[in-house]
Amino acid sequence: MWIHRYRIKKISSNNTISGWALNASGINYVNIYLDGSWKGTAKIGLSRTDVANAYPGYTGASTSGFSYLLDINTVTAGAHSIKVRAVGNDGIVKESTVNVSISKSGSSFHRQCGFTGTESKDKQ
């Protein structure tokens, strides 16, 4: 299972969290968490020709993209963590977390380095 270091893009008061995830059995779903609380399920199956070119023999590489629009209007300023949790059809789980700093002055959203990741079998 592989989950790419996703990117966070500023779009007014919402933030698009996008990236790609691969699993030999396919991706079942990708969930997004803010400070450990589930926020929603990302749209999966998005076109990623760059991934298909990088992994030409990998089933599902061309549709490995995911995207989620995270609303930060009610989020307090300061340090937070955003976690992406991809679950394969075989139950394998891969998580990636990034630490962010949210500044409400001018409604800016800043990403700081701090990716971590773990992999396990789904226990839901």
# chains A, B, ... in the order shown; residues from 1 in each chain; ligands from 1

call {"tool": "residues_around", "arguments": {"residues": "Ala79 (chain A)", "least_positions_apart": "4", "cutoff": "8 Å", "atoms": "only C-alpha atoms", "output": "PyMOL selection string"}}
result
chain A and resi 99-102

call {"tool": "write_last_selection", "arguments": {"atoms": "N, CA and C atoms", "output": "PDB file, in the first residue's frame"}}
result
ATOM      1  N   ASN A  99       1.302  18.251   9.816  1.00  0.00           N
ATOM      2  CA  ASN A  99       1.014  19.294  10.790  1.00  0.00           C
ATOM      3  C   ASN A  99       0.869  20.611  10.058  1.00  0.00           C
ATOM      4  N   VAL A 100      -0.148  21.366  10.424  1.00  0.00           N
ATOM      5  CA  VAL A 100      -0.417  22.645   9.771  1.00  0.00           C
ATOM      6  C   VAL A 100      -0.604  23.728  10.815  1.00  0.00           C
ATOM      7  N   SER A 101      -0.435  24.953  10.375  1.00  0.00           N
ATOM      8  CA  SER A 101      -0.701  26.111  11.210  1.00  0.00           C
ATOM      9  C   SER A 101      -1.738  26.954  10.500  1.00  0.00           C
ATOM     10  N   ILE A 102      -2.829  27.242  11.197  1.00  0.00           N
ATOM     11  CA  ILE A 102      -3.898  28.051  10.614  1.00  0.00           C
ATOM     12  C   ILE A 102      -3.862  29.429  11.242  1.00  0.00           C
TER      13      ILE A 102
END

call {"tool": "residues_around", "arguments": {"residues": "region 66-77 of chain A", "least_positions_apart": "5", "cutoff": "8 Å", "atoms": "only C-alpha atoms", "output": "mmCIF file with C-alpha atoms, in the first residue's frame"}}
result
data_model
loop_
_atom_site.group_PDB
_atom_site.id
_atom_site.type_symbol
_atom_site.label_atom_id
_atom_site.label_comp_id
_atom_site.auth_asym_id
_atom_site.auth_seq_id
_atom_site.Cartn_x
_atom_site.Cartn_y
_atom_site.Cartn_z
ATOM 1 C CA SER A 13 -11.974 29.455 3.314
ATOM 2 C CA ASN A 14 -11.812 25.843 2.157
ATOM 3 C CA ASN A 15 -8.792 23.682 1.458
ATOM 4 C CA THR A 16 -8.460 20.955 -1.112
ATOM 5 C CA ILE A 17 -6.560 17.951 0.155
ATOM 6 C CA SER A 18 -5.480 15.906 -2.838
ATOM 7 C CA GLY A 19 -3.005 13.189 -3.672
ATOM 8 C CA TRP A 20 -2.921 9.570 -4.708
ATOM 9 C CA ALA A 21 -3.002 6.156 -3.098
ATOM 10 C CA VAL A 30 -9.887 7.497 1.767
ATOM 11 C CA ILE A 32 -9.845 12.734 6.112
ATOM 12 C CA LYS A 39 -14.276 15.050 8.676
ATOM 13 C CA GLY A 40 -15.345 13.059 5.629
ATOM 14 C CA THR A 41 -14.532 10.654 2.840
ATOM 15 C CA ALA A 42 -12.505 11.863 -0.128
ATOM 16 C CA LYS A 43 -13.579 11.397 -3.702
ATOM 17 C CA ILE A 44 -11.438 8.582 -5.152
ATOM 18 C CA GLY A 45 -10.787 7.203 -8.621
ATOM 19 C CA LEU A 46 -9.526 10.511 -10.013
ATOM 20 C CA SER A 101 -0.701 26.111 11.210
ATOM 21 C CA ILE A 102 -3.898 28.051 10.614
ATOM 22 C CA SER A 103 -3.811 31.825 10.822
ATOM 23 C CA LYS A 104 -7.142 33.632 10.820
#

call {"tool": "atom_distance", "arguments": {"atom1": "CA of Ile82 (chain A)", "atom2": "CA of Val98 (chain A)"}}
result
5.4 Å

call {"tool": "atom_distance", "arguments": {"atom1": "CA of Thr97 (chain A)", "atom2": "CA of Thr59 (chain A)"}}
result
25.4 Å

call {"tool": "residues_around", "arguments": {"residues": "Tyr58 (chain A)", "least_positions_apart": "6", "cutoff": "10 Å", "atoms": "only C-alpha atoms", "output": "VMD selection string"}}
result
chain A and resid 22 to 24 51 to 52

call {"tool": "atom_distance", "arguments": {"atom1": "CA of Thr63 (chain A)", "atom2": "CA of Ser37 (chain A)"}}
result
27.1 Å

call {"tool": "select_by_dssp", "arguments": {"residues": "region 36-102 of chain A", "states": "helix (DSSP H, G or I)", "output": "ChimeraX atom specification"}}
result
/A:49-54,61-63

call {"tool": "decode", "arguments": {"residues": "region 1-76 of chain A", "atoms": "C-alpha atoms", "output": "mmCIF file, in the first residue's frame"}}
result
data_model
loop_
_atom_site.group_PDB
_atom_site.id
_atom_site.type_symbol
_atom_site.label_atom_id
_atom_site.label_comp_id
_atom_site.auth_asym_id
_atom_site.auth_seq_id
_atom_site.Cartn_x
_atom_site.Cartn_y
_atom_site.Cartn_z
ATOM 1 C CA MET A 1 0.000 0.000 0.000
ATOM 2 C CA TRP A 2 1.315 3.427 -0.870
ATOM 3 C CA ILE A 3 -0.105 6.848 -0.070
ATOM 4 C CA HIS A 4 1.583 9.833 -1.614
ATOM 5 C CA ARG A 5 2.399 12.921 0.408
ATOM 6 C CA TYR A 6 -0.736 14.793 -0.383
ATOM 7 C CA ARG A 7 -0.893 18.503 -0.951
ATOM 8 C CA ILE A 8 -3.077 21.099 0.653
ATOM 9 C CA LYS A 9 -4.196 23.964 -1.535
ATOM 10 C CA LYS A 10 -5.777 27.192 -0.315
ATOM 11 C CA ILE A 11 -9.174 27.932 -1.882
ATOM 12 C CA SER A 12 -10.868 30.848 -0.076
ATOM 13 C CA SER A 13 -11.974 29.455 3.314
ATOM 14 C CA ASN A 14 -11.812 25.843 2.157
ATOM 15 C CA ASN A 15 -8.792 23.682 1.458
ATOM 16 C CA THR A 16 -8.460 20.955 -1.112
ATOM 17 C CA ILE A 17 -6.560 17.951 0.155
ATOM 18 C CA SER A 18 -5.480 15.906 -2.838
ATOM 19 C CA GLY A 19 -3.005 13.189 -3.672
ATOM 20 C CA TRP A 20 -2.921 9.570 -4.708
ATOM 21 C CA ALA A 21 -3.002 6.156 -3.098
ATOM 22 C CA LEU A 22 -2.197 2.722 -4.525
ATOM 23 C CA ASN A 23 -2.938 -0.759 -3.264
ATOM 24 C CA ALA A 24 -2.574 -4.041 -5.163
ATOM 25 C CA SER A 25 -6.212 -4.866 -4.321
ATOM 26 C CA GLY A 26 -7.480 -1.348 -5.124
ATOM 27 C CA ILE A 27 -8.491 1.497 -2.826
ATOM 28 C CA ASN A 28 -11.774 1.038 -0.971
ATOM 29 C CA TYR A 29 -11.951 4.543 0.544
ATOM 30 C CA VAL A 30 -9.887 7.497 1.767
ATOM 31 C CA ASN A 31 -10.945 9.283 4.951
ATOM 32 C CA ILE A 32 -9.845 12.734 6.112
ATOM 33 C CA TYR A 33 -9.316 13.661 9.770
ATOM 34 C CA LEU A 34 -8.650 17.008 11.440
ATOM 35 C CA ASP A 35 -7.027 16.799 14.871
ATOM 36 C CA GLY A 36 -8.065 13.150 15.088
ATOM 37 C CA SER A 37 -11.737 13.760 14.283
ATOM 38 C CA TRP A 38 -13.227 12.306 11.098
ATOM 39 C CA LYS A 39 -14.276 15.050 8.676
ATOM 40 C CA GLY A 40 -15.345 13.059 5.629
ATOM 41 C CA THR A 41 -14.532 10.654 2.840
ATOM 42 C CA ALA A 42 -12.505 11.863 -0.128
ATOM 43 C CA LYS A 43 -13.579 11.397 -3.702
ATOM 44 C CA ILE A 44 -11.438 8.582 -5.152
ATOM 45 C CA GLY A 45 -10.787 7.203 -8.621
ATOM 46 C CA LEU A 46 -9.526 10.511 -10.013
ATOM 47 C CA SER A 47 -7.291 10.533 -13.068
ATOM 48 C CA ARG A 48 -3.542 10.535 -12.371
ATOM 49 C CA THR A 49 -1.578 10.063 -15.591
ATOM 50 C CA ASP A 50 1.632 10.986 -13.749
ATOM 51 C CA VAL A 51 1.170 8.017 -11.418
ATOM 52 C CA ALA A 52 0.293 5.733 -14.346
ATOM 53 C CA ASN A 53 3.510 6.831 -16.085
ATOM 54 C CA ALA A 54 5.564 6.259 -12.926
ATOM 55 C CA TYR A 55 3.948 2.859 -12.193
ATOM 56 C CA PRO A 56 2.971 1.522 -15.652
ATOM 57 C CA GLY A 57 2.332 -2.049 -14.514
ATOM 58 C CA TYR A 58 0.333 -1.158 -11.403
ATOM 59 C CA THR A 59 -3.404 -1.855 -11.663
ATOM 60 C CA GLY A 60 -5.386 1.282 -10.847
ATOM 61 C CA ALA A 61 -2.449 3.676 -11.123
ATOM 62 C CA SER A 62 -4.213 5.831 -13.733
ATOM 63 C CA THR A 63 -7.205 6.366 -11.391
ATOM 64 C CA SER A 64 -5.349 6.522 -8.077
ATOM 65 C CA GLY A 65 -6.173 10.162 -7.290
ATOM 66 C CA PHE A 66 -8.225 11.435 -4.373
ATOM 67 C CA SER A 67 -9.566 14.846 -3.393
ATOM 68 C CA TYR A 68 -11.434 16.312 -0.426
ATOM 69 C CA LEU A 69 -12.600 19.867 0.266
ATOM 70 C CA LEU A 70 -11.964 20.697 3.939
ATOM 71 C CA ASP A 71 -13.865 23.674 5.356
ATOM 72 C CA ILE A 72 -11.762 25.540 7.942
ATOM 73 C CA ASN A 73 -14.277 28.321 8.719
ATOM 74 C CA THR A 74 -14.949 26.968 12.212
ATOM 75 C CA VAL A 75 -11.385 25.855 12.929
ATOM 76 C CA THR A 76 -9.475 27.905 15.488
#
